[in-house]
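The file coords_29.txt comes next; it holds compact mmCIF, C-alpha atoms.
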```txt
# COMPACT_ATOMS: atom_id res chain seq x y z
CA MET A 1 -20.72 164.07 57.61
CA LYS A 2 -17.94 166.31 56.38
CA THR A 3 -14.49 164.83 55.89
CA THR A 4 -12.89 167.23 58.36
CA GLN A 5 -15.42 166.40 61.05
CA ALA A 6 -14.96 162.65 60.51
CA ALA A 7 -11.17 163.04 60.75
CA LEU A 8 -11.46 165.07 63.96
CA TRP A 9 -13.75 162.47 65.55
CA GLY A 10 -11.18 159.91 64.40
CA VAL A 11 -8.44 161.81 66.22
CA LEU A 12 -10.46 161.46 69.41
CA ALA A 13 -10.99 157.76 68.64
CA GLY A 14 -7.24 157.36 68.10
CA ALA A 15 -6.56 158.94 71.50
CA ALA A 16 -9.00 156.49 73.11
CA GLY A 17 -7.26 153.63 71.33
CA VAL A 18 -3.83 154.73 72.52
CA ALA A 19 -5.12 155.11 76.08
CA ALA A 20 -6.51 151.56 76.03
CA MET A 21 -3.33 150.17 74.45
CA THR A 22 -1.14 151.97 77.00
CA LEU A 23 -3.19 150.67 79.91
CA ALA A 24 -3.00 147.13 78.49
CA GLU A 25 0.78 147.48 78.05
CA LYS A 26 1.25 148.56 81.66
CA VAL A 27 -0.88 145.67 82.95
CA GLU A 28 1.00 143.20 80.72
CA GLN A 29 4.38 144.57 81.88
CA ARG A 30 3.41 143.95 85.51
CA PHE A 31 2.96 140.26 84.73
CA THR A 32 5.74 139.70 82.21
CA ARG A 33 8.30 142.09 83.74
CA ARG A 34 8.98 143.32 80.19
CA PRO A 35 10.79 146.68 80.31
CA ASN A 36 9.52 149.80 78.55
CA SER A 37 10.36 149.98 74.87
CA TYR A 38 12.12 153.08 73.65
CA VAL A 39 11.75 152.18 69.97
CA PRO A 40 9.21 155.01 69.49
CA ALA A 41 11.72 157.55 70.86
CA HIS A 42 14.58 156.16 68.79
CA THR A 43 12.38 156.31 65.67
CA LEU A 44 11.29 159.90 66.26
CA GLU A 45 14.85 160.89 67.08
CA ARG A 46 16.02 159.53 63.71
CA LEU A 47 13.08 161.04 61.80
CA LEU A 48 13.89 164.48 63.22
CA GLY A 49 17.67 164.06 62.86
CA LEU A 50 18.22 164.68 66.58
CA PRO A 51 21.36 163.61 68.43
CA HIS A 52 21.35 160.26 70.22
CA LYS A 53 20.36 160.38 73.91
CA PRO A 54 20.28 157.69 76.59
CA ASP A 55 16.88 156.08 77.09
CA GLU A 56 16.51 157.68 80.53
CA GLU A 57 16.39 161.07 78.79
CA ARG A 58 13.89 160.02 76.12
CA LEU A 59 10.61 159.60 78.01
CA GLY A 60 9.04 162.75 76.54
CA MET A 61 10.06 161.80 73.02
CA ASN A 62 8.83 158.25 73.62
CA TRP A 63 5.38 159.46 74.72
CA THR A 64 5.23 161.98 71.85
CA MET A 65 5.76 159.26 69.24
CA HIS A 66 3.66 156.63 71.05
CA TRP A 67 0.64 158.91 71.50
CA GLY A 68 1.23 160.98 68.37
CA GLN A 69 1.16 158.04 65.96
CA GLY A 70 -2.00 156.63 67.47
CA ILE A 71 -3.82 159.94 67.57
CA VAL A 72 -2.88 160.95 64.02
CA LEU A 73 -3.72 157.52 62.59
CA GLY A 74 -7.07 157.74 64.36
CA ALA A 75 -8.06 160.35 61.78
CA VAL A 76 -7.83 157.62 59.13
CA ARG A 77 -10.16 155.38 61.17
CA GLY A 78 -12.65 158.23 61.38
CA LEU A 79 -12.54 158.61 57.60
CA MET A 80 -12.95 154.85 57.18
CA ALA A 81 -16.08 154.94 59.36
CA ALA A 82 -17.50 157.85 57.37
CA LYS A 83 -17.07 155.91 54.12
CA GLY A 84 -18.70 152.75 55.50
CA VAL A 85 -15.60 150.74 56.43
CA ARG A 86 -16.89 150.03 59.91
CA GLY A 87 -17.25 147.35 62.55
CA PRO A 88 -14.83 144.49 63.21
CA VAL A 89 -13.73 144.28 59.58
CA GLY A 90 -12.95 148.02 59.52
CA SER A 91 -10.99 147.66 62.76
CA PHE A 92 -9.09 144.65 61.44
CA LEU A 93 -8.10 146.59 58.33
CA PHE A 94 -7.09 149.50 60.55
CA LEU A 95 -4.95 147.17 62.69
CA ASN A 96 -2.96 146.32 59.59
CA LEU A 97 -2.52 150.01 58.78
CA ARG A 98 -1.17 150.61 62.29
CA LEU A 99 1.27 147.72 62.00
CA LEU A 100 2.38 148.87 58.55
CA ASN A 101 2.92 152.41 59.81
CA ASP A 102 5.02 151.28 62.77
CA GLN A 103 7.15 148.88 60.77
CA THR A 104 7.69 151.31 57.90
CA LEU A 105 8.91 154.10 60.17
CA GLU A 106 10.97 151.84 62.43
CA ASN A 107 12.67 149.96 59.60
CA ALA A 108 13.11 152.96 57.28
CA THR A 109 15.00 154.74 60.07
CA GLY A 110 17.09 151.66 60.87
CA VAL A 111 15.70 151.47 64.40
CA GLY A 112 13.58 148.36 64.08
CA ALA A 113 13.91 144.84 62.81
CA LEU A 114 11.47 142.96 60.64
CA PRO A 115 8.82 141.51 62.96
CA TRP A 116 9.26 137.91 61.80
CA THR A 117 12.81 138.11 63.19
CA TRP A 118 11.50 138.96 66.67
CA PRO A 119 11.00 136.34 69.37
CA ARG A 120 7.47 134.92 69.15
CA ASP A 121 6.43 136.28 72.54
CA GLU A 122 7.27 139.81 71.37
CA GLN A 123 5.32 139.27 68.15
CA VAL A 124 2.26 138.16 70.12
CA ILE A 125 2.55 141.03 72.59
CA ASP A 126 2.82 143.58 69.78
CA LEU A 127 -0.16 142.14 67.89
CA VAL A 128 -2.32 142.03 71.02
CA HIS A 129 -1.51 145.62 71.99
CA LYS A 130 -1.97 146.98 68.46
CA GLY A 131 -5.20 144.98 68.20
CA ILE A 132 -6.50 146.61 71.38
CA TYR A 133 -5.60 150.01 69.92
CA ALA A 134 -7.29 149.31 66.57
CA PHE A 135 -10.49 147.81 67.96
CA VAL A 136 -10.99 150.46 70.66
CA ALA A 137 -10.30 153.25 68.17
CA GLY A 138 -12.69 151.55 65.76
CA LEU A 139 -15.42 151.19 68.34
CA VAL A 140 -15.16 154.86 69.28
CA ALA A 141 -14.95 156.04 65.65
CA ASP A 142 -17.97 153.93 64.67
CA ARG A 143 -19.98 155.49 67.53
CA LEU A 144 -18.94 159.09 66.83
CA VAL A 145 -18.82 159.17 63.04
CA VAL A 146 -22.00 158.98 61.02
CA GLY A 147 -21.67 156.39 58.28
CA PRO A 148 -22.82 156.72 54.70
CA PRO A 149 -26.55 157.35 54.13
CA ARG A 150 -27.17 154.06 52.35
CA GLU A 151 -28.27 150.97 54.19
CA ALA A 152 -26.24 147.79 54.09
CA VAL A 153 -27.53 145.30 51.54
CA PRO A 154 -28.84 142.27 53.43
CA ARG A 155 -27.63 138.90 52.28
CA ALA A 156 -28.73 135.42 53.08
CA GLY A 157 -26.72 133.64 55.73
CA TRP A 158 -25.56 130.06 55.46
CA THR A 159 -25.38 127.05 57.65
CA VAL A 160 -23.07 124.10 57.11
CA GLY A 161 -24.89 121.47 55.11
CA GLN A 162 -27.75 123.81 54.12
CA PRO A 163 -28.15 125.50 50.75
CA ALA A 164 -27.53 129.27 50.77
```
Would it be possible to restate this file's structure as structure tokens?
Amino acid sequence: MKTTQAALWGVLAGAAGVAAMTLAEKVEQRFTRRPNSYVPAHTLERLLGLPHKPDEERLGMNWTMHWGQGIVLGAVRGLMAAKGVRGPVGSFLFLNLRLLNDQTLENATGVGALPWTWPRDEQVIDLVHKGIYAFVAGLVADRLVVGPPREAVPRAGWTVGQPA
């Protein structure tokens, strides 16, 4: 599969991941009564050097950053699938890329705080939502993107107390 095609399938996978994450966030907010976060809008506002606006006027910018990051990063997951970084391990690695991307942009712009300074419930919520994004995007990318032509090398399994 060509690199461009894998990246484009990845963009679609990223959009599916963002849709799943957004749905999960809205369900979670119904139960926790957690308000919407405008950190994505604040981050994009700083990246573009735009004047500060009240949160009520930032919904479009919030959605642009929220969806845009996930869709663009999806291209990377498509490329990972094309090179054989697939399945749960590929999605776990991709989860870390998503977290790194968010934290780099948020902290470089001065909008965010280091995640270990957040309350634990917010840390868990962020990890769960980003995990949903990464694993859904990974599932879709792995289905759409043809992997490398070589077969995986089988290896012997192990059982506790048994020789390998």
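Coordinates place CA of His129 in chain A at a distance of 21.8 Å from CA of Trp9 in chain A.
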Requested in this report: Extract, using all atoms listed in the file, all DNA, RNA and protein residues at most 10 Å from range 138-154 of chain A, discarding same-chain residues fewer than 6 positions from it, and format them as a VMD selection string.
Outcome: chain A and resid 1 to 2 5 to 17 74 to 92 94 to 95 132
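Note that the spacing between CA of Val111 in chain A and CA of Gly49 in chain A amounts to 12.8 Å.
The coordinates place CA of Tyr133 in chain A at 19.7 Å from CA of Pro35 in chain A.
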Query raised in the report: Neighbours of His66 in chain A within 9 Å (all atoms listed in the file; same-chain residues fewer than 4 positions away dropped), as a PyMOL selection string?
Result: chain A and resi 18+22+40-41+61-62+70-71
Selection to disk with C-alpha atoms, as a PDB file, keeping the file's coordinate frame:
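Dumped everything to again28.pdb:
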```pdb
ATOM      1  CA  VAL A  18      -3.830 154.730  72.520  1.00  0.00           C
ATOM      2  CA  THR A  22      -1.140 151.970  77.000  1.00  0.00           C
ATOM      3  CA  PRO A  40       9.210 155.010  69.490  1.00  0.00           C
ATOM      4  CA  ALA A  41      11.720 157.550  70.860  1.00  0.00           C
ATOM      5  CA  MET A  61      10.060 161.800  73.020  1.00  0.00           C
ATOM      6  CA  ASN A  62       8.830 158.250  73.620  1.00  0.00           C
ATOM      7  CA  GLY A  70      -2.000 156.630  67.470  1.00  0.00           C
ATOM      8  CA  ILE A  71      -3.820 159.940  67.570  1.00  0.00           C
TER       9      ILE A  71
END
```
Requested in this report: Please identify all polymer residues within 10 Å of Pro54 in chain A, counting all atoms listed in the file, omitting same-chain residues fewer than 5 positions from it, and present them as a PyMOL selection string.
Outcome: chain A and resi 38+42+59
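Shortest separation to Thr104 in chain A among A:Leu47, A:Ala137, A:Val72, A:Ile125 occurs at residue A:Leu47, atoms counted being only C-alpha atoms.
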